[in-house]
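Student: Sharing final_34.cif, mmCIF, C-alpha atoms and all ligand atoms:
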data_coords
loop_
_atom_site.group_PDB
_atom_site.id
_atom_site.type_symbol
_atom_site.label_atom_id
_atom_site.label_comp_id
_atom_site.auth_asym_id
_atom_site.auth_seq_id
_atom_site.Cartn_x
_atom_site.Cartn_y
_atom_site.Cartn_z
ATOM 1 C CA MET B 3 7.649 7.612 11.981
ATOM 2 C CA GLU B 4 10.144 8.673 9.336
ATOM 3 C CA ILE B 5 9.093 11.171 6.679
ATOM 4 C CA VAL B 6 11.203 11.276 3.523
ATOM 5 C CA ILE B 7 10.575 14.083 1.053
ATOM 6 C CA VAL B 8 11.759 13.173 -2.434
ATOM 7 C CA PRO B 9 11.858 15.386 -5.536
ATOM 8 C CA ASP B 10 9.525 13.194 -7.582
ATOM 9 C CA ALA B 11 7.622 9.925 -7.770
ATOM 10 C CA ALA B 12 10.402 8.090 -9.628
ATOM 11 C CA THR B 13 12.894 8.888 -6.849
ATOM 12 C CA GLY B 14 10.384 7.664 -4.274
ATOM 13 C CA GLY B 15 9.946 4.474 -6.275
ATOM 14 C CA GLU B 16 13.719 3.906 -6.368
ATOM 15 C CA LEU B 17 14.095 4.541 -2.651
ATOM 16 C CA ILE B 18 11.396 2.032 -1.732
ATOM 17 C CA ALA B 19 12.635 -0.514 -4.279
ATOM 18 C CA ARG B 20 16.060 -0.286 -2.621
ATOM 19 C CA ALA B 21 14.520 -1.025 0.782
ATOM 20 C CA ILE B 22 12.634 -4.006 -0.674
ATOM 21 C CA ALA B 23 15.814 -5.244 -2.372
ATOM 22 C CA GLU B 24 17.695 -5.033 0.955
ATOM 23 C CA LEU B 25 14.897 -6.934 2.664
ATOM 24 C CA LEU B 26 14.989 -9.671 0.004
ATOM 25 C CA THR B 27 18.760 -9.945 0.377
ATOM 26 C CA ASP B 28 18.361 -10.572 4.115
ATOM 27 C CA LYS B 29 15.227 -12.686 3.734
ATOM 28 C CA PRO B 30 14.761 -14.014 0.174
ATOM 29 C CA ASP B 31 11.266 -15.370 0.892
ATOM 30 C CA ALA B 32 9.993 -12.188 2.543
ATOM 31 C CA LEU B 33 6.249 -11.611 2.360
ATOM 32 C CA LEU B 34 5.682 -8.288 0.592
ATOM 33 C CA GLY B 35 2.323 -6.612 0.978
ATOM 34 C CA VAL B 36 1.574 -4.571 -2.113
ATOM 35 C CA ALA B 37 -0.919 -1.842 -2.888
ATOM 36 C CA THR B 38 -2.838 -1.002 -6.014
ATOM 37 C CA GLY B 39 -3.610 2.381 -7.561
ATOM 38 C CA SER B 40 -1.294 4.596 -9.594
ATOM 39 C CA THR B 41 1.041 5.672 -6.807
ATOM 40 C CA PRO B 42 3.064 2.465 -6.266
ATOM 41 C CA LEU B 43 3.731 1.884 -9.980
ATOM 42 C CA PRO B 44 7.198 3.546 -9.854
ATOM 43 C CA VAL B 45 8.149 1.090 -7.100
ATOM 44 C CA TYR B 46 7.127 -1.878 -9.241
ATOM 45 C CA ARG B 47 8.950 -0.436 -12.266
ATOM 46 C CA ALA B 48 12.117 0.044 -10.209
ATOM 47 C CA LEU B 49 11.912 -3.517 -8.872
ATOM 48 C CA LYS B 50 11.405 -4.922 -12.363
ATOM 49 C CA SER B 51 14.476 -3.002 -13.630
ATOM 50 C CA ARG B 52 16.585 -4.480 -10.846
ATOM 51 C CA VAL B 53 15.388 -8.003 -11.625
ATOM 52 C CA GLU B 54 16.064 -7.493 -15.349
ATOM 53 C CA ALA B 55 19.510 -6.052 -14.637
ATOM 54 C CA GLY B 56 20.294 -9.079 -12.475
ATOM 55 C CA THR B 57 20.910 -6.948 -9.362
ATOM 56 C CA LEU B 58 17.874 -8.310 -7.516
ATOM 57 C CA ASP B 59 16.875 -11.931 -7.067
ATOM 58 C CA ALA B 60 13.159 -11.806 -6.249
ATOM 59 C CA SER B 61 12.553 -15.421 -7.228
ATOM 60 C CA ARG B 62 11.606 -16.518 -3.711
ATOM 61 C CA ALA B 63 9.615 -13.410 -2.765
ATOM 62 C CA ARG B 64 6.007 -13.864 -1.715
ATOM 63 C CA ILE B 65 3.422 -11.227 -2.561
ATOM 64 C CA CYS B 66 0.165 -10.487 -0.763
ATOM 65 C CA GLN B 67 -2.759 -8.268 -1.469
ATOM 66 C CA LEU B 68 -4.035 -5.410 0.689
ATOM 67 C CA ASP B 69 -7.615 -5.182 -0.473
ATOM 68 C CA GLU B 70 -10.078 -6.311 -3.134
ATOM 69 C CA TYR B 71 -13.366 -5.348 -4.720
ATOM 70 C CA VAL B 72 -16.373 -7.475 -3.885
ATOM 71 C CA GLY B 73 -18.652 -8.728 -6.633
ATOM 72 C CA LEU B 74 -16.510 -8.248 -9.752
ATOM 73 C CA PRO B 75 -16.721 -11.279 -12.034
ATOM 74 C CA GLU B 76 -13.755 -13.636 -11.626
ATOM 75 C CA GLY B 77 -10.822 -12.569 -13.788
ATOM 76 C CA HIS B 78 -12.121 -8.984 -14.202
ATOM 77 C CA PRO B 79 -9.067 -6.950 -15.299
ATOM 78 C CA GLU B 80 -9.662 -4.356 -12.567
ATOM 79 C CA SER B 81 -10.040 -6.848 -9.728
ATOM 80 C CA TYR B 82 -7.087 -6.151 -7.475
ATOM 81 C CA ARG B 83 -5.995 -9.785 -7.822
ATOM 82 C CA ALA B 84 -5.680 -9.230 -11.591
ATOM 83 C CA VAL B 85 -3.939 -5.878 -11.059
ATOM 84 C CA VAL B 86 -1.384 -7.288 -8.614
ATOM 85 C CA LEU B 87 -0.690 -10.286 -10.845
ATOM 86 C CA ARG B 88 -0.229 -7.957 -13.840
ATOM 87 C CA GLU B 89 1.722 -5.135 -12.170
ATOM 88 C CA VAL B 90 3.809 -7.002 -9.607
ATOM 89 C CA VAL B 91 3.791 -10.801 -9.737
ATOM 90 C CA GLU B 92 4.385 -11.303 -13.474
ATOM 91 C CA PRO B 93 6.939 -8.484 -13.945
ATOM 92 C CA LEU B 94 9.006 -9.942 -11.095
ATOM 93 C CA GLY B 95 8.978 -13.329 -12.815
ATOM 94 C CA LEU B 96 6.835 -14.885 -10.081
ATOM 95 C CA THR B 97 3.753 -17.061 -10.428
ATOM 96 C CA GLU B 98 0.386 -17.204 -8.704
ATOM 97 C CA ALA B 99 1.908 -19.814 -6.384
ATOM 98 C CA SER B 100 3.794 -17.031 -4.590
ATOM 99 C CA PHE B 101 0.677 -14.908 -4.218
ATOM 100 C CA LEU B 102 -1.854 -14.553 -1.394
ATOM 101 C CA GLY B 103 -5.094 -12.603 -1.651
ATOM 102 C CA PRO B 104 -8.643 -12.537 -0.311
ATOM 103 C CA ASP B 105 -11.450 -14.036 -2.391
ATOM 104 C CA GLY B 106 -13.670 -11.153 -3.466
ATOM 105 C CA ALA B 107 -15.982 -13.518 -5.321
ATOM 106 C CA ALA B 108 -16.610 -15.819 -2.336
ATOM 107 C CA ALA B 109 -20.206 -16.735 -1.511
ATOM 108 C CA ASP B 110 -19.369 -16.271 2.168
ATOM 109 C CA ILE B 111 -17.465 -12.985 2.330
ATOM 110 C CA ALA B 112 -17.126 -12.967 6.130
ATOM 111 C CA ALA B 113 -15.517 -16.414 6.002
ATOM 112 C CA ALA B 114 -13.216 -15.287 3.161
ATOM 113 C CA CYS B 115 -12.073 -12.302 5.281
ATOM 114 C CA ALA B 116 -11.342 -14.454 8.321
ATOM 115 C CA ALA B 117 -9.563 -16.976 6.096
ATOM 116 C CA TYR B 118 -7.329 -14.237 4.684
ATOM 117 C CA ASP B 119 -6.285 -12.972 8.122
ATOM 118 C CA ARG B 120 -5.463 -16.575 9.049
ATOM 119 C CA ALA B 121 -3.518 -17.103 5.813
ATOM 120 C CA LEU B 122 -1.386 -14.014 6.488
ATOM 121 C CA ALA B 123 -0.594 -15.206 10.001
ATOM 122 C CA GLU B 124 0.183 -18.742 8.800
ATOM 123 C CA ALA B 125 2.520 -17.272 6.166
ATOM 124 C CA GLY B 126 4.515 -15.743 9.022
ATOM 125 C CA GLY B 127 3.112 -12.208 8.752
ATOM 126 C CA VAL B 128 3.860 -9.434 6.311
ATOM 127 C CA ASP B 129 7.477 -8.251 6.315
ATOM 128 C CA LEU B 130 6.962 -4.984 4.436
ATOM 129 C CA GLN B 131 3.590 -3.501 3.575
ATOM 130 C CA LEU B 132 3.522 -0.884 0.861
ATOM 131 C CA LEU B 133 0.625 1.554 1.174
ATOM 132 C CA GLY B 134 -0.857 4.388 -0.798
ATOM 133 C CA ILE B 135 -3.287 6.879 0.688
ATOM 134 C CA GLY B 136 -6.742 7.848 -0.484
ATOM 135 C CA THR B 137 -7.679 11.508 -0.830
ATOM 136 C CA ASP B 138 -9.903 10.937 2.219
ATOM 137 C CA GLY B 139 -6.996 9.512 4.228
ATOM 138 C CA HIS B 140 -7.834 5.835 3.746
ATOM 139 C CA ILE B 141 -5.259 3.048 3.719
ATOM 140 C CA GLY B 142 -6.176 -0.156 1.947
ATOM 141 C CA PHE B 143 -9.887 0.412 1.718
ATOM 142 C CA ASN B 144 -10.264 1.417 5.353
ATOM 143 C CA GLU B 145 -12.481 4.413 4.923
ATOM 144 C CA PRO B 146 -12.769 7.223 7.518
ATOM 145 C CA CYS B 147 -13.965 6.003 10.934
ATOM 146 C CA SER B 148 -12.714 2.474 10.366
ATOM 147 C CA SER B 149 -11.772 0.980 13.712
ATOM 148 C CA LEU B 150 -8.065 1.332 14.370
ATOM 149 C CA ALA B 151 -8.220 -2.264 15.659
ATOM 150 C CA SER B 152 -10.108 -3.623 12.645
ATOM 151 C CA ARG B 153 -9.340 -6.958 11.016
ATOM 152 C CA THR B 154 -9.871 -7.966 7.384
ATOM 153 C CA ARG B 155 -13.550 -7.399 6.648
ATOM 154 C CA ILE B 156 -16.057 -6.028 4.181
ATOM 155 C CA LYS B 157 -16.330 -2.224 3.874
ATOM 156 C CA THR B 158 -18.495 0.162 1.894
ATOM 157 C CA LEU B 159 -16.653 2.724 -0.220
ATOM 158 C CA THR B 160 -17.302 6.434 0.141
ATOM 159 C CA HIS B 161 -18.602 8.298 -2.873
ATOM 160 C CA GLN B 162 -15.261 10.149 -3.033
ATOM 161 C CA THR B 163 -13.279 6.896 -3.281
ATOM 162 C CA ARG B 164 -15.621 5.477 -5.920
ATOM 163 C CA GLU B 165 -15.181 8.695 -7.930
ATOM 164 C CA ASP B 166 -11.388 8.557 -7.468
ATOM 165 C CA ASN B 167 -11.329 4.959 -8.729
ATOM 166 C CA ALA B 168 -13.838 5.428 -11.561
ATOM 167 C CA ARG B 169 -10.935 6.117 -13.953
ATOM 168 C CA PHE B 170 -10.164 2.389 -13.940
ATOM 169 C CA PHE B 171 -13.716 1.503 -15.059
ATOM 170 C CA ASP B 172 -15.932 2.549 -17.973
ATOM 171 C CA ASN B 173 -18.097 4.666 -15.682
ATOM 172 C CA LEU B 174 -18.851 5.381 -12.019
ATOM 173 C CA ASP B 175 -21.724 2.888 -11.908
ATOM 174 C CA GLU B 176 -19.298 0.049 -12.576
ATOM 175 C CA VAL B 177 -17.201 0.800 -9.482
ATOM 176 C CA PRO B 178 -18.252 -1.683 -6.795
ATOM 177 C CA HIS B 179 -19.707 -0.295 -3.567
ATOM 178 C CA HIS B 180 -18.220 -3.060 -1.459
ATOM 179 C CA VAL B 181 -14.681 -4.217 -0.855
ATOM 180 C CA ILE B 182 -12.632 -6.519 1.325
ATOM 181 C CA THR B 183 -9.730 -4.817 3.029
ATOM 182 C CA GLN B 184 -7.071 -5.818 5.485
ATOM 183 C CA GLY B 185 -8.133 -4.070 8.667
ATOM 184 C CA ILE B 186 -6.078 -1.303 10.229
ATOM 185 C CA GLY B 187 -5.189 -3.735 13.022
ATOM 186 C CA THR B 188 -4.110 -6.265 10.378
ATOM 187 C CA ILE B 189 -1.998 -3.688 8.530
ATOM 188 C CA LEU B 190 -0.321 -2.588 11.768
ATOM 189 C CA GLU B 191 0.961 -6.166 12.253
ATOM 190 C CA ALA B 192 3.292 -5.870 9.241
ATOM 191 C CA ARG B 193 6.913 -5.468 10.373
ATOM 192 C CA HIS B 194 7.565 -2.364 8.253
ATOM 193 C CA LEU B 195 4.950 -0.017 6.814
ATOM 194 C CA VAL B 196 5.950 2.133 3.852
ATOM 195 C CA LEU B 197 3.423 4.665 2.626
ATOM 196 C CA LEU B 198 4.068 6.437 -0.666
ATOM 197 C CA ALA B 199 2.080 9.541 -1.595
ATOM 198 C CA THR B 200 2.600 11.720 -4.634
ATOM 199 C CA GLY B 201 0.837 14.754 -6.049
ATOM 200 C CA GLU B 202 -0.970 17.780 -4.666
ATOM 201 C CA ALA B 203 -4.273 15.880 -4.331
ATOM 202 C CA LYS B 204 -2.738 13.886 -1.457
ATOM 203 C CA ALA B 205 -1.202 16.859 0.408
ATOM 204 C CA GLU B 206 -4.044 17.410 2.853
ATOM 205 C CA ALA B 207 -4.492 13.709 3.659
ATOM 206 C CA VAL B 208 -0.724 13.373 4.215
ATOM 207 C CA ALA B 209 -0.590 16.390 6.553
ATOM 208 C CA LEU B 210 -3.526 15.085 8.597
ATOM 209 C CA ALA B 211 -2.071 11.566 8.750
ATOM 210 C CA VAL B 212 1.444 12.647 9.716
ATOM 211 C CA GLU B 213 0.928 15.765 11.818
ATOM 212 C CA GLY B 214 -2.658 15.444 12.983
ATOM 213 C CA PRO B 215 -3.902 13.445 15.934
ATOM 214 C CA VAL B 216 -4.287 9.676 15.668
ATOM 215 C CA ALA B 217 -7.936 9.437 14.747
ATOM 216 C CA ALA B 218 -10.116 6.879 13.022
ATOM 217 C CA VAL B 219 -11.476 9.663 10.837
ATOM 218 C CA VAL B 220 -8.028 9.750 9.180
ATOM 219 C CA PRO B 221 -7.212 6.030 8.898
ATOM 220 C CA ALA B 222 -3.617 6.647 7.724
ATOM 221 C CA SER B 223 -2.906 8.410 11.045
ATOM 222 C CA ALA B 224 -2.749 4.868 12.510
ATOM 223 C CA LEU B 225 0.802 4.706 11.117
ATOM 224 C CA GLN B 226 1.790 6.888 14.068
ATOM 225 C CA LEU B 227 1.170 3.836 16.272
ATOM 226 C CA HIS B 228 3.633 1.644 14.367
ATOM 227 C CA PRO B 229 7.248 1.308 15.546
ATOM 228 C CA HIS B 230 8.632 1.179 11.985
ATOM 229 C CA ALA B 231 6.632 3.318 9.602
ATOM 230 C CA THR B 232 8.097 5.279 6.702
ATOM 231 C CA VAL B 233 6.184 7.906 4.759
ATOM 232 C CA VAL B 234 7.719 8.803 1.398
ATOM 233 C CA VAL B 235 6.244 11.898 -0.239
ATOM 234 C CA ASP B 236 7.089 13.980 -3.265
ATOM 235 C CA GLU B 237 7.271 17.781 -3.009
ATOM 236 C CA ALA B 238 3.618 18.234 -3.990
ATOM 237 C CA ALA B 239 2.299 15.728 -1.460
ATOM 238 C CA ALA B 240 4.583 17.298 1.185
ATOM 239 C CA SER B 241 3.361 20.812 0.465
ATOM 240 C CA ARG B 242 1.115 21.070 3.551
ATOM 241 C CA LEU B 243 3.559 19.593 6.057
ATOM 242 C CA ARG B 244 4.320 22.116 8.798
ATOM 243 C CA LEU B 245 7.504 20.273 9.756
ATOM 244 C CA ALA B 246 8.784 19.770 6.193
ATOM 245 C CA GLY B 247 12.039 21.623 7.009
ATOM 246 C CA TYR B 248 12.731 19.343 9.952
ATOM 247 C CA PHE B 249 11.943 16.214 7.929
ATOM 248 C CA ARG B 250 14.370 17.333 5.198
ATOM 249 C CA GLU B 251 17.167 18.085 7.690
ATOM 250 C CA THR B 252 16.677 14.765 9.448
ATOM 251 C CA TYR B 253 16.850 12.759 6.249
ATOM 252 C CA ALA B 254 19.851 14.714 4.934
ATOM 253 C CA ALA B 255 21.721 13.992 8.171
ATOM 254 C CA LYS B 256 20.849 10.310 8.225
ATOM 255 C CA PRO B 257 23.826 7.963 8.577
ATOM 256 C CA ALA B 258 24.644 6.365 5.207
ATOM 257 C CA TRP B 259 24.398 2.827 6.655
ATOM 258 C CA GLN B 260 20.855 3.341 7.869
ATOM 259 C CA SER B 261 18.131 2.513 5.360
ATOM 260 C CA ILE B 262 14.506 3.525 5.657
HETATM 261 C C1 LIG A 301 -7.399 2.629 -3.656
HETATM 262 C C2 LIG A 301 -6.623 1.526 -2.972
HETATM 263 C C3 LIG A 301 -5.586 2.080 -2.011
HETATM 264 C C4 LIG A 301 -4.781 3.173 -2.703
HETATM 265 C C5 LIG A 301 -5.711 4.282 -3.146
HETATM 266 C C6 LIG A 301 -4.990 5.446 -3.786
HETATM 267 O O1 LIG A 301 -8.421 3.109 -2.875
HETATM 268 N N1 LIG A 301 -7.488 0.656 -2.243
HETATM 269 O O2 LIG A 301 -4.748 1.044 -1.547
HETATM 270 O O3 LIG A 301 -3.809 3.659 -1.837
HETATM 271 O O4 LIG A 301 -6.619 3.718 -4.088
HETATM 272 O O5 LIG A 301 -4.778 5.185 -5.136
HETATM 273 P P1 LIG A 301 -3.841 6.066 -6.067
HETATM 274 O O6 LIG A 301 -2.452 5.669 -5.698
HETATM 275 O O7 LIG A 301 -4.191 5.662 -7.452
HETATM 276 O O8 LIG A 301 -4.129 7.472 -5.761
#
Go ahead and render the structure in this file as structure tokens.

Tutor:
Amino acid sequence: MEIVIVPDAATGGELIARAIAELLTDKPDALLGVATGSTPLPVYRALKSRVEAGTLDASRARICQLDEYVGLPEGHPESYRAVVLREVVEPLGLTEASFLGPDGAAADIAAACAAYDRALAEAGGVDLQLLGIGTDGHIGFNEPCSSLASRTRIKTLTHQTREDNARFFDNLDEVPHHVITQGIGTILEARHLVLLATGEAKAEAVALAVEGPVAAVVPASALQLHPHATVVVDEAAASRLRLAGYFRETYAAKPAWQSI
């Protein structure tokens, strides 16, 4: 696992956008797994700038969703489908045709979950999965004690996650209790995992995920099992890392030709 400590969120966004741009140069129809929340927004801004400047052709990129609320009315602006279309698909000049996501409004949620895992496999698998991290260490919506082998399925949010996400709704009561999330096993099948974490509120979760034991109680620690996982953190999110000095030295000494 590579840990990159960047001065701020914008630099982290640029770094990850560069990796995505390199991937799209090698494989123009790469399947990009995207995350919601505030953290990845600098990545999407940096990608949009490249597309607008004509330095990135993302026209054949395919975008897929990590997780979704269950039970929001179709077209709700805070459904993750709506968020991904608004924050990623449209700004990159793509259409819904290039987008894959689970159906959070399905009558048969279990079937919708299985169908999404199948759709990801049929699409050739995720090339790069961008992840954030919850303050409780979750990835996607895999809350603490999610099976490390889990597949896409329904989960119940912790109170902490519902409180964290209440800022996107009018009040806490509106935050759904249930979600669909790619399982940890599903996420681990992506060819490259890139987790971005910024701000002091994520420092403890990052330290546990990166330097703690692999444990279902810290779902993000599953990244330690992946052969190509990159964790990009700003100074605040890195503030509890015991090995921060080593991570800085390693990155500073990295050969120029080697990307994340
Ligand atoms: C939600 C999403 C996660 C995201 C997390 C952190 O729970 N399901 O994918 O990583 O929020 O969000 P933020 O980046 O806003 O802190």

Student: Counting only C-alpha atoms and all ligand atoms, which residues of chain B sit at most 7 Å from some atom of ligand LIG 301 (chain A), and what is each one's closest atom pair with its distance in Å to one decimal, listed by chain and rising residue number, as JSON lines?

Tutor:
{"residue": "B:Ala37", "atom": "CA", "partner": "A:LIG301", "partner_atom": "O2", "distance": 5.0}
{"residue": "B:Thr38", "atom": "CA", "partner": "A:LIG301", "partner_atom": "O2", "distance": 5.3}
{"residue": "B:Gly39", "atom": "CA", "partner": "A:LIG301", "partner_atom": "O7", "distance": 3.3}
{"residue": "B:Ser40", "atom": "CA", "partner": "A:LIG301", "partner_atom": "O7", "distance": 3.8}
{"residue": "B:Thr41", "atom": "CA", "partner": "A:LIG301", "partner_atom": "O6", "distance": 3.7}
{"residue": "B:Pro42", "atom": "CA", "partner": "A:LIG301", "partner_atom": "O6", "distance": 6.4}
{"residue": "B:Leu68", "atom": "CA", "partner": "A:LIG301", "partner_atom": "O2", "distance": 6.9}
{"residue": "B:Asp69", "atom": "CA", "partner": "A:LIG301", "partner_atom": "N1", "distance": 6.1}
{"residue": "B:Leu133", "atom": "CA", "partner": "A:LIG301", "partner_atom": "O3", "distance": 5.8}
{"residue": "B:Gly134", "atom": "CA", "partner": "A:LIG301", "partner_atom": "O3", "distance": 3.2}
{"residue": "B:Ile135", "atom": "CA", "partner": "A:LIG301", "partner_atom": "O3", "distance": 4.1}
{"residue": "B:Gly136", "atom": "CA", "partner": "A:LIG301", "partner_atom": "C6", "distance": 4.4}
{"residue": "B:Ile141", "atom": "CA", "partner": "A:LIG301", "partner_atom": "O2", "distance": 5.7}
{"residue": "B:Gly142", "atom": "CA", "partner": "A:LIG301", "partner_atom": "O2", "distance": 4.0}
{"residue": "B:Phe143", "atom": "CA", "partner": "A:LIG301", "partner_atom": "N1", "distance": 4.6}
{"residue": "B:Thr163", "atom": "CA", "partner": "A:LIG301", "partner_atom": "O1", "distance": 6.2}
{"residue": "B:Asn167", "atom": "CA", "partner": "A:LIG301", "partner_atom": "O4", "distance": 6.7}

Student: Applying 10 Å and all atoms listed in the file, which residues near B:Leu198 remain after dropping the ones on its own chain fewer than 3 positions away? List them as a list in words.

Tutor: Val6, Ala11, Gly14, Gly15, Ile18, Ala37, Thr41, Pro42, Val45, Leu132, Leu133, Gly134, Ile135, Leu195, Val208, Thr232, Val233, Val234, Val235, Asp236 and Ala239 of chain B

Student: Can you work out the spacing between atom CA of B:Lys50 and atom CA of B:Val91 in Å, to one decimal?

Tutor: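 Those two atoms sit 10.0 Å apart.
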
Student: Quick one, how far is atom CA of B:Thr13 from atom CA of B:His194?

Tutor: 19.6 Å

Student: With 9 Å as the cut-off and all atoms listed in the file counted, what is the closest atom pair between each nearby residue of stretch 111-205 of chain B and stretch 240-243 of chain B? Distances in Å to one decimal, ordered by chain and number, as CSV.

Tutor:
residue,atom,partner,partner_atom,distance
B:Ala199,CA,B:Ala240,CA,8.6
B:Thr200,CA,B:Ala240,CA,8.3
B:Gly201,CA,B:Ala240,CA,8.5
B:Glu202,CA,B:Ser241,CA,7.4
B:Lys204,CA,B:Ala240,CA,8.5
B:Ala205,CA,B:Arg242,CA,5.7

Student: Please enumerate the residues selected by the PyMOL selection byres (((chain B and resi 32) around 7) and not hetatm) when evaluated against the supplied file, formatted as an NGL selection string.

Tutor: :B and (26 or 29-31 or 33-34 or 63-64 or 129)

Student: Any chance you could work out the residue set of the PyMOL selection byres (((chain B and resi 118-127) around 9) and not hetatm) here, as an NGL selection string?

Tutor: :B and (33 or 66 or 102-105 or 113-117 or 128-129 or 153-154 or 184 or 188 or 191-193)

Student: Give the answer as one residue: which of B:Val212, B:Ala151, B:Ala168, B:Ala12 has the shortest atom-to-atom distance to B:Leu245, using all atoms listed in the file?

Tutor: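 Ranked by minimum distance to B:Leu245, first place goes to B:Val212.
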
Student: Using the file's own x, y and z axes, what box holds all listed atoms of stretch 33-38 of chain B with 6 Å on each side, keeping edges along x, y and z, and what are its centre and edge lengths in Å to one decimal, as AutoDock Vina command-line options?

Tutor:
--center_x 1.7 --center_y -6.3 --center_z -1.8 --size_x 21.1 --size_y 22.6 --size_z 20.4

Student: In Å to one decimal, how far is atom CA of B:Val8 from atom CA of B:Ile262?

Tutor: 12.9 Å

Student: Might you pull out every residue within 8 Å of B:Ala21, with only C-alpha atoms counted and same-chain residues fewer than 4 positions away left off, and present them as a CSV table (one decimal) with C-alpha atoms, in the frame of the given file?

Tutor:
chain,number,residue,atom,x,y,z
B,17,LEU,CA,14.1,4.5,-2.7
B,25,LEU,CA,14.9,-6.9,2.7
B,261,SER,CA,18.1,2.5,5.4
B,262,ILE,CA,14.5,3.5,5.7

Student: Check the smallest atom-to-atom distance from each of B:Gly77, B:Pro9, B:Pro44, B:Pro215 to B:Ala107 using all atoms listed in the file, then report the winner.

Tutor: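 Selected residue with least distance to B:Ala107: B:Gly77.
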
Student: In terms of the shortest atom-to-atom distance over all atoms listed in the file, which of B:Trp259, B:Phe101, B:Tyr46, B:Phe171 is closest to B:Leu74?

Tutor: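 With all atoms listed in the file as the atom set, the closest residue is B:Phe171.
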